[in-house]
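All remarks here apply to the structure that follows.
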Amino acid sequence: MELKVLGPAKPSEDGCSKGSCGSTDDQMAHLPEHIRERVKNHPCYSEEAHHHYARMHVAVAPACNIQCNYCNRKYDCANESRPGVVSELLTPDQAVKKTLAVAATIPQMTVLGIAGPGDPLANPSRTFDTFRQLSDKAPDIKLCVSTNGLTLPDHVEELVKHNIDHVTITINCVDPEVGARIYPWIFWKNRRIRGVKAAKILIAQQQKGLEMLVERGVLVKVNSVLIPGVNDEHLKEVSRIVKEKGAFLHNVMPLIAEEEHGTYYGVMGQRSPSQSELTALQDACGDMNMMRHCRQCRADAVGLLGEDRGQEFTLDKIDAMEIDYDAAMAKRAEIHQAIEASRDAQRAAQTAKSATAPASGLPKGLRSVYMAVASSGQGVVNQHFGHAKEFLVYEASPEGARFIGHRKTDQYCAGDTTCGDAETALQRTIRVLDGCEVVLCSKIGIEPWGHLEDAGILPNGEHAMEPIEEAVMAVYREMFQTGQLAPPAFENRSA
Amino acid sequence: MAYEITAACVNCFACMDVCPSGAIREAKPHFLIDAAKCTHCEGDFADPQCASICPVEMAILNEFGEAANPQGSLTGIPLERLQALAAAGIL
Ligand code: SF4
Ligand code: SF4
Ligand code: SF4
């Protein structure tokens with residue numbers, strides 16, 4: 001295996017890479033206080049909050065009014081979920097029931113989102129019926145909605161009424177020529193419109209919707225799908241424009257295009273971006289520290305990020321549950337308070353530590369190392385290698401540990417497609433960990449240990465239950481002390 | 001003849017929401033158009049609404065029994081490519 005070596009991390013403007021990237025304060029330092037206050041418990045917006053809080057999505061909005069080249073309508077909306085995933089479609093009543101059941105069972109639950117399949121705002125009655133019932137029955141749950149933006153301006157007033165303070169717009173371009181290569185058609189004013197003309201209308205509507213929401217004080221996140229050769233360079237301009245207009249966050253996600261998904265891009269051989277292309281673009285677009293952990297989770301996902309407990313809440317199981325809503329809400333309030341107290345304590349401990357020991361103490365210019373971490377939450381190394389469905393990837397450098405992103409072990413066998421037998425689960429895991437030199441976990445079996453080592457990835461189970469960043473830096477320091485960080489010859493090989 | 005929905009339908013509700021005649025209903029295994037109610041959208045819109053929003057090729061047949069959105073017309077994927085993938089058992 002060729003060792004991928006990346007140059008040392010350049011310190012980001014917000015100082016994130018200097019200290020701990022897990023701290024909400026660092027990631028959100030650039031945000032105005034009132035916005036920070038509003039997103040700090042949102043598991044999708046705060047890398048640190050997602051260790052503690054849970055979210056869920058319900059699929060009530062199957063219709064769509066545009067076509068994206070990375071989407072196949074047999075599956076969920078690819079703007080928010082991974083392609084090739086099918087969610088259980090619910091009626092608004094069923095969705096409300098499910099949300100209340102989940103919020104009673106998983107008291108860490110803070111956010112309910114509607115994100116397709118389809119476009120929630122192309123299904124206004126189903127979407128708003130769900131929101132209206134929930135604002136009524138579970139006022140402590142935050143609501144959010146994602147949209148392609150086409151009919152957004154028409155629904156802003158309604159959104160504001162329901163007090164939905166998080167809206168995600170997927171904006172892949174601001175130039176219709178680029179748009180025509182991403183969107184083959186839209187349904188607009190009772191006609192199917194195609195090509196540049198269609199893209200022009202969609203872009204205008206997205207921008208108008210963004211402006212209207214910001215004007216009304218609604219938080220807007222912008223999602224973009226990075227499509228190499230189509231909008232990669234262009235996304236920098238998108239980022240600049242949407243931030244100028246007041247989007248508080250720009251989230252760049254990788255295109256996932258597989259032939260068997262039957263999407264235009266998948267079938268036509270459009271490639272997906274590599275991890276380093278993605279990281280480079282996320283860096284260029286600025287405040288990506290907050291969204292590096294975006295998992296493109298499936299639309300009916302339930303639970304803490306990276307886990308899906310959806311199977312516990314199928315319709316027949318929900319029917320059998322008896323729920324005391326008021327008691328559940330009181331319990332949520334209690335648990336959220338306890339979580340806040342422990343987060344405060346963690347933060348205080350971190351601040352105290354960084355005051356006495358500023359940097360890593362390691363010489364500048366050492367090469368950085370990617371490490372994968374198996375964690376099931378709480379910000380510590382606490383998962384058995386074999387149980388990890390995803391790994392958190394950190395970049396260790398003399399400046400500290402920087403969170404880079406997630407690697408899912410099942411990314412390429414989502415939904416109902418079965419993976420070829422040729423590739424075992426372990427081989428697949430090794431493939432997704434490509435580029436990492438170390439994998440930290442609580443425990444690991446002898447057999448996978450050997451295979452990992454052969455693949456150039458060193459397993460490490462010595463830091464179980466330690467905070468992730470400390471563990472990563474401890475291993476990095478060890479690598480330095482044993483001379484593994486020295487060879488400058490490697491640097492020249494980096495692409 | 002009225003418009004008709006085929007087995008290619010993915011049950012997405014889009015056509016039902018835009019039909020001016022209330023002719024489309026949710027059904028298993030796929031949505032159905034009530035032939036007695038379908039007006040071809042005449043008098044309401046220039047284009048048949050169901051066929052203008054449906055995202056799936058071959059899912060809606062027009063009054064002549066032809067696909068309103070033939071293969072390749074919505075995705076832009078060339079026919080040869082679709083046939084090659086079908087032959088290889090990928091799609
Ligand atoms: S907006 Fe979502 S559902 Fe609609 S075509 Fe695009 S990815 Fe698919
Ligand atoms: S052609 Fe018009 S009236 Fe007939 S089913 Fe389609 S949308 Fe309804
Ligand atoms: S729009 Fe097309 S795919 Fe969707 S329900 Fe109607 S016929 Fe089926």
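Every chain in the structure tokens takes a letter, A first, then B, and so on in the order presented; its residues are numbered from 1, and the ligands are numbered from 1 following the presented order.
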Open item on the list: Would you mind listing, as a PyMOL selection string, all residues of chain A that have at least one atom within 8 Å of chain B, where only C-alpha atoms are what counts?
Closed with: chain A and resi 62-65+67+69+73-74+118+184-185+187+190-192+259-262+264+267-268
Which chains and residue numbers are within 7 Å of ligand 2, counting only C-alpha atoms and all ligand atoms, if I want them as a compact mmCIF listing (two decimals) with N, CA, C and O atoms, in the first residue's frame?
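Saved result, out_34.txt, follows:
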# COMPACT_ATOMS: atom_id res chain seq x y z
N ALA B 2 -57.49 7.67 -21.28
CA ALA B 2 -56.96 8.57 -20.25
C ALA B 2 -55.47 8.31 -20.04
O ALA B 2 -54.93 7.34 -20.56
N TYR B 3 -54.87 9.18 -19.27
CA TYR B 3 -53.48 8.93 -18.86
C TYR B 3 -53.46 7.72 -17.92
O TYR B 3 -54.46 7.42 -17.27
N CYS B 15 -47.43 13.46 -8.60
CA CYS B 15 -48.50 13.67 -9.58
C CYS B 15 -49.83 13.92 -8.89
O CYS B 15 -50.63 14.75 -9.32
N VAL B 18 -50.45 17.48 -7.91
CA VAL B 18 -50.61 18.53 -8.93
C VAL B 18 -51.77 18.27 -9.90
O VAL B 18 -52.09 19.13 -10.72
N CYS B 19 -52.40 17.13 -9.82
CA CYS B 19 -53.50 16.82 -10.75
C CYS B 19 -54.68 17.76 -10.46
O CYS B 19 -55.18 17.80 -9.35
N PRO B 20 -55.14 18.51 -11.48
CA PRO B 20 -56.23 19.47 -11.25
C PRO B 20 -57.60 18.78 -11.13
O PRO B 20 -58.56 19.41 -10.72
N SER B 21 -57.66 17.51 -11.50
CA SER B 21 -58.96 16.83 -11.55
C SER B 21 -59.18 15.86 -10.41
O SER B 21 -60.20 15.17 -10.38
N GLY B 22 -58.22 15.75 -9.53
CA GLY B 22 -58.36 14.78 -8.45
C GLY B 22 -58.47 13.37 -8.98
O GLY B 22 -59.14 12.51 -8.38
N ALA B 23 -57.81 13.10 -10.09
CA ALA B 23 -57.97 11.79 -10.75
C ALA B 23 -56.99 10.74 -10.24
O ALA B 23 -57.13 9.57 -10.55
N ILE B 24 -55.98 11.17 -9.47
CA ILE B 24 -54.93 10.22 -9.10
C ILE B 24 -55.08 9.81 -7.63
O ILE B 24 -55.31 10.65 -6.76
N ILE B 33 -54.49 6.23 -11.95
CA ILE B 33 -55.29 7.34 -12.48
C ILE B 33 -56.69 6.82 -12.77
O ILE B 33 -56.86 5.78 -13.40
N LYS B 37 -62.07 10.29 -14.44
CA LYS B 37 -61.85 11.67 -13.95
C LYS B 37 -60.79 12.43 -14.74
O LYS B 37 -60.78 13.66 -14.74
N CYS B 38 -59.86 11.70 -15.34
CA CYS B 38 -58.74 12.37 -16.02
C CYS B 38 -59.24 13.19 -17.20
O CYS B 38 -59.96 12.70 -18.06
N THR B 39 -58.86 14.45 -17.24
CA THR B 39 -59.28 15.37 -18.30
C THR B 39 -58.15 15.68 -19.27
O THR B 39 -58.28 16.56 -20.10
N HIS B 40 -57.02 15.01 -19.11
CA HIS B 40 -55.77 15.34 -19.83
C HIS B 40 -55.33 16.76 -19.47
O HIS B 40 -54.54 17.36 -20.18
N CYS B 41 -55.89 17.28 -18.41
CA CYS B 41 -55.60 18.64 -17.96
C CYS B 41 -56.13 19.71 -18.93
O CYS B 41 -55.81 20.89 -18.79
N PRO B 48 -50.02 18.23 -19.53
CA PRO B 48 -50.56 17.32 -18.52
C PRO B 48 -49.66 17.39 -17.28
O PRO B 48 -48.44 17.20 -17.36
N GLN B 49 -50.24 17.69 -16.15
CA GLN B 49 -49.45 17.95 -14.95
C GLN B 49 -48.71 16.72 -14.43
O GLN B 49 -47.55 16.80 -14.06
N CYS B 50 -49.39 15.60 -14.41
CA CYS B 50 -48.74 14.40 -13.88
C CYS B 50 -47.48 14.08 -14.67
O CYS B 50 -46.42 13.82 -14.11
N ALA B 51 -47.59 14.17 -16.00
CA ALA B 51 -46.46 13.82 -16.85
C ALA B 51 -45.36 14.88 -16.78
O ALA B 51 -44.21 14.60 -17.11
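Rounded to one decimal, CA of Thr409 (chain A) and atom 6 (Fe, counted along the ligand's line) of ligand 1 lie 25.0 Å from each other.
Per DSSP on the backbone, strand (DSSP E or B) in chain B comprises Glu4, Ile5, Ile24, Arg25, Leu32, Ile33, Ile60, Leu61 and Ala67 of chain B.
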Open item on the list: I want to know what sits within 7 Å of Ala374 (chain A), based on only C-alpha atoms, with residues of the same chain fewer than 6 positions away left out; could you give that as a list of chain:residue names?
Closed with: A:Val381, A:Asn382, A:Gln383, A:His384, A:Phe385, A:Ala388, A:Phe391, A:Leu392, A:Leu440, A:Cys441
Just all heavy atoms for this one: save the residues we selected as a PDB file, in the first residue's frame.
ATOM      1  N   VAL A 381     -12.411   7.294  23.492  1.00  0.00           N
ATOM      2  CA  VAL A 381     -12.124   6.074  22.739  1.00  0.00           C
ATOM      3  C   VAL A 381     -12.803   4.922  23.488  1.00  0.00           C
ATOM      4  O   VAL A 381     -12.302   4.488  24.513  1.00  0.00           O
ATOM      5  CB  VAL A 381     -10.600   5.823  22.675  1.00  0.00           C
ATOM      6  CG1 VAL A 381     -10.301   4.561  21.858  1.00  0.00           C
ATOM      7  CG2 VAL A 381      -9.871   7.031  22.112  1.00  0.00           C
ATOM      8  N   ASN A 382     -13.928   4.484  23.027  1.00  0.00           N
ATOM      9  CA  ASN A 382     -14.664   3.507  23.841  1.00  0.00           C
ATOM     10  C   ASN A 382     -15.349   2.425  23.028  1.00  0.00           C
ATOM     11  O   ASN A 382     -16.298   1.811  23.480  1.00  0.00           O
ATOM     12  CB  ASN A 382     -15.695   4.215  24.720  1.00  0.00           C
ATOM     13  CG  ASN A 382     -16.712   4.971  23.893  1.00  0.00           C
ATOM     14  OD1 ASN A 382     -16.611   5.016  22.673  1.00  0.00           O
ATOM     15  ND2 ASN A 382     -17.677   5.571  24.547  1.00  0.00           N
ATOM     16  N   GLN A 383     -14.900   2.185  21.798  1.00  0.00           N
ATOM     17  CA  GLN A 383     -15.591   1.174  21.017  1.00  0.00           C
ATOM     18  C   GLN A 383     -14.652   0.069  20.557  1.00  0.00           C
ATOM     19  O   GLN A 383     -13.499   0.318  20.204  1.00  0.00           O
ATOM     20  CB  GLN A 383     -16.265   1.815  19.801  1.00  0.00           C
ATOM     21  CG  GLN A 383     -17.408   0.975  19.261  1.00  0.00           C
ATOM     22  CD  GLN A 383     -18.212   1.713  18.210  1.00  0.00           C
ATOM     23  OE1 GLN A 383     -17.671   2.543  17.493  1.00  0.00           O
ATOM     24  NE2 GLN A 383     -19.493   1.397  18.114  1.00  0.00           N
ATOM     25  N   HIS A 384     -15.186  -1.142  20.577  1.00  0.00           N
ATOM     26  CA  HIS A 384     -14.458  -2.298  20.066  1.00  0.00           C
ATOM     27  C   HIS A 384     -14.303  -2.141  18.555  1.00  0.00           C
ATOM     28  O   HIS A 384     -15.254  -1.754  17.878  1.00  0.00           O
ATOM     29  CB  HIS A 384     -15.262  -3.560  20.392  1.00  0.00           C
ATOM     30  CG  HIS A 384     -14.515  -4.833  20.155  1.00  0.00           C
ATOM     31  ND1 HIS A 384     -14.124  -5.243  18.913  1.00  0.00           N
ATOM     32  CD2 HIS A 384     -14.074  -5.785  21.017  1.00  0.00           C
ATOM     33  CE1 HIS A 384     -13.482  -6.401  18.995  1.00  0.00           C
ATOM     34  NE2 HIS A 384     -13.437  -6.744  20.279  1.00  0.00           N
ATOM     35  N   PHE A 385     -13.139  -2.449  18.047  1.00  0.00           N
ATOM     36  CA  PHE A 385     -12.876  -2.296  16.615  1.00  0.00           C
ATOM     37  C   PHE A 385     -13.961  -2.969  15.777  1.00  0.00           C
ATOM     38  O   PHE A 385     -14.478  -2.397  14.820  1.00  0.00           O
ATOM     39  CB  PHE A 385     -11.502  -2.884  16.268  1.00  0.00           C
ATOM     40  CG  PHE A 385     -11.196  -2.851  14.797  1.00  0.00           C
ATOM     41  CD1 PHE A 385     -10.719  -1.696  14.205  1.00  0.00           C
ATOM     42  CD2 PHE A 385     -11.391  -3.979  14.008  1.00  0.00           C
ATOM     43  CE1 PHE A 385     -10.451  -1.653  12.844  1.00  0.00           C
ATOM     44  CE2 PHE A 385     -11.132  -3.942  12.642  1.00  0.00           C
ATOM     45  CZ  PHE A 385     -10.654  -2.790  12.061  1.00  0.00           C
ATOM     46  N   ALA A 388     -17.387  -1.119  15.375  1.00  0.00           N
ATOM     47  CA  ALA A 388     -17.450   0.233  14.822  1.00  0.00           C
ATOM     48  C   ALA A 388     -18.058   0.213  13.429  1.00  0.00           C
ATOM     49  O   ALA A 388     -17.553  -0.453  12.537  1.00  0.00           O
ATOM     50  CB  ALA A 388     -16.060   0.851  14.792  1.00  0.00           C
ATOM     51  N   PHE A 391     -15.656   5.285  11.662  1.00  0.00           N
ATOM     52  CA  PHE A 391     -14.486   5.743  12.399  1.00  0.00           C
ATOM     53  C   PHE A 391     -14.384   7.256  12.275  1.00  0.00           C
ATOM     54  O   PHE A 391     -14.723   7.830  11.241  1.00  0.00           O
ATOM     55  CB  PHE A 391     -13.223   5.090  11.824  1.00  0.00           C
ATOM     56  CG  PHE A 391     -13.162   3.616  12.101  1.00  0.00           C
ATOM     57  CD1 PHE A 391     -13.731   2.705  11.225  1.00  0.00           C
ATOM     58  CD2 PHE A 391     -12.561   3.145  13.262  1.00  0.00           C
ATOM     59  CE1 PHE A 391     -13.695   1.339  11.491  1.00  0.00           C
ATOM     60  CE2 PHE A 391     -12.522   1.778  13.538  1.00  0.00           C
ATOM     61  CZ  PHE A 391     -13.090   0.873  12.643  1.00  0.00           C
ATOM     62  N   LEU A 392     -13.929   7.892  13.348  1.00  0.00           N
ATOM     63  CA  LEU A 392     -13.649   9.318  13.297  1.00  0.00           C
ATOM     64  C   LEU A 392     -12.192   9.461  12.885  1.00  0.00           C
ATOM     65  O   LEU A 392     -11.332   8.804  13.448  1.00  0.00           O
ATOM     66  CB  LEU A 392     -13.833   9.963  14.674  1.00  0.00           C
ATOM     67  CG  LEU A 392     -15.089   9.591  15.452  1.00  0.00           C
ATOM     68  CD1 LEU A 392     -15.093  10.313  16.807  1.00  0.00           C
ATOM     69  CD2 LEU A 392     -16.321   9.983  14.660  1.00  0.00           C
ATOM     70  N   LEU A 440      -7.354   3.733  16.686  1.00  0.00           N
ATOM     71  CA  LEU A 440      -7.524   3.655  18.136  1.00  0.00           C
ATOM     72  C   LEU A 440      -8.889   3.065  18.455  1.00  0.00           C
ATOM     73  O   LEU A 440      -9.898   3.486  17.886  1.00  0.00           O
ATOM     74  CB  LEU A 440      -7.438   5.051  18.742  1.00  0.00           C
ATOM     75  CG  LEU A 440      -6.048   5.657  18.755  1.00  0.00           C
ATOM     76  CD1 LEU A 440      -6.086   7.091  18.298  1.00  0.00           C
ATOM     77  CD2 LEU A 440      -5.478   5.571  20.149  1.00  0.00           C
ATOM     78  N   CYS A 441      -8.894   2.091  19.357  1.00  0.00           N
ATOM     79  CA  CYS A 441     -10.169   1.482  19.737  1.00  0.00           C
ATOM     80  C   CYS A 441     -10.033   0.986  21.171  1.00  0.00           C
ATOM     81  O   CYS A 441      -8.941   0.995  21.748  1.00  0.00           O
ATOM     82  CB  CYS A 441     -10.489   0.330  18.794  1.00  0.00           C
ATOM     83  SG  CYS A 441      -9.126  -0.822  18.586  1.00  0.00           S
TER      84      CYS A 441
END
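Among the candidate residues A:Glu447, A:Glu395, A:Glu258, A:Asp119, the one lying nearest to Gly435 (chain A) is A:Glu395, with distances computed using only C-alpha atoms.
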- [ ] Find the residues around Gly65 (chain B) up to 12 Å (only C-alpha atoms counted), leave out those fewer than 6 positions away in its own chain, and share them as a VMD selection string.
- [x] chain B and resid 1 to 6 58 to 59
Using only C-alpha atoms, please write the residues we just selected to a file, as an mmCIF file, in the first residue's frame.
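Saved file out-v6.cif follows:
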data_model
loop_
_atom_site.group_PDB
_atom_site.id
_atom_site.type_symbol
_atom_site.label_atom_id
_atom_site.label_comp_id
_atom_site.auth_asym_id
_atom_site.auth_seq_id
_atom_site.Cartn_x
_atom_site.Cartn_y
_atom_site.Cartn_z
ATOM 1 C CA MET B 1 -58.071 7.075 -23.491
ATOM 2 C CA ALA B 2 -56.955 8.571 -20.255
ATOM 3 C CA TYR B 3 -53.481 8.925 -18.860
ATOM 4 C CA GLU B 4 -52.219 5.827 -17.082
ATOM 5 C CA ILE B 5 -49.577 4.920 -14.485
ATOM 6 C CA THR B 6 -47.291 1.904 -14.984
ATOM 7 C CA MET B 58 -41.883 5.217 -18.474
ATOM 8 C CA ALA B 59 -44.115 5.647 -15.402
#
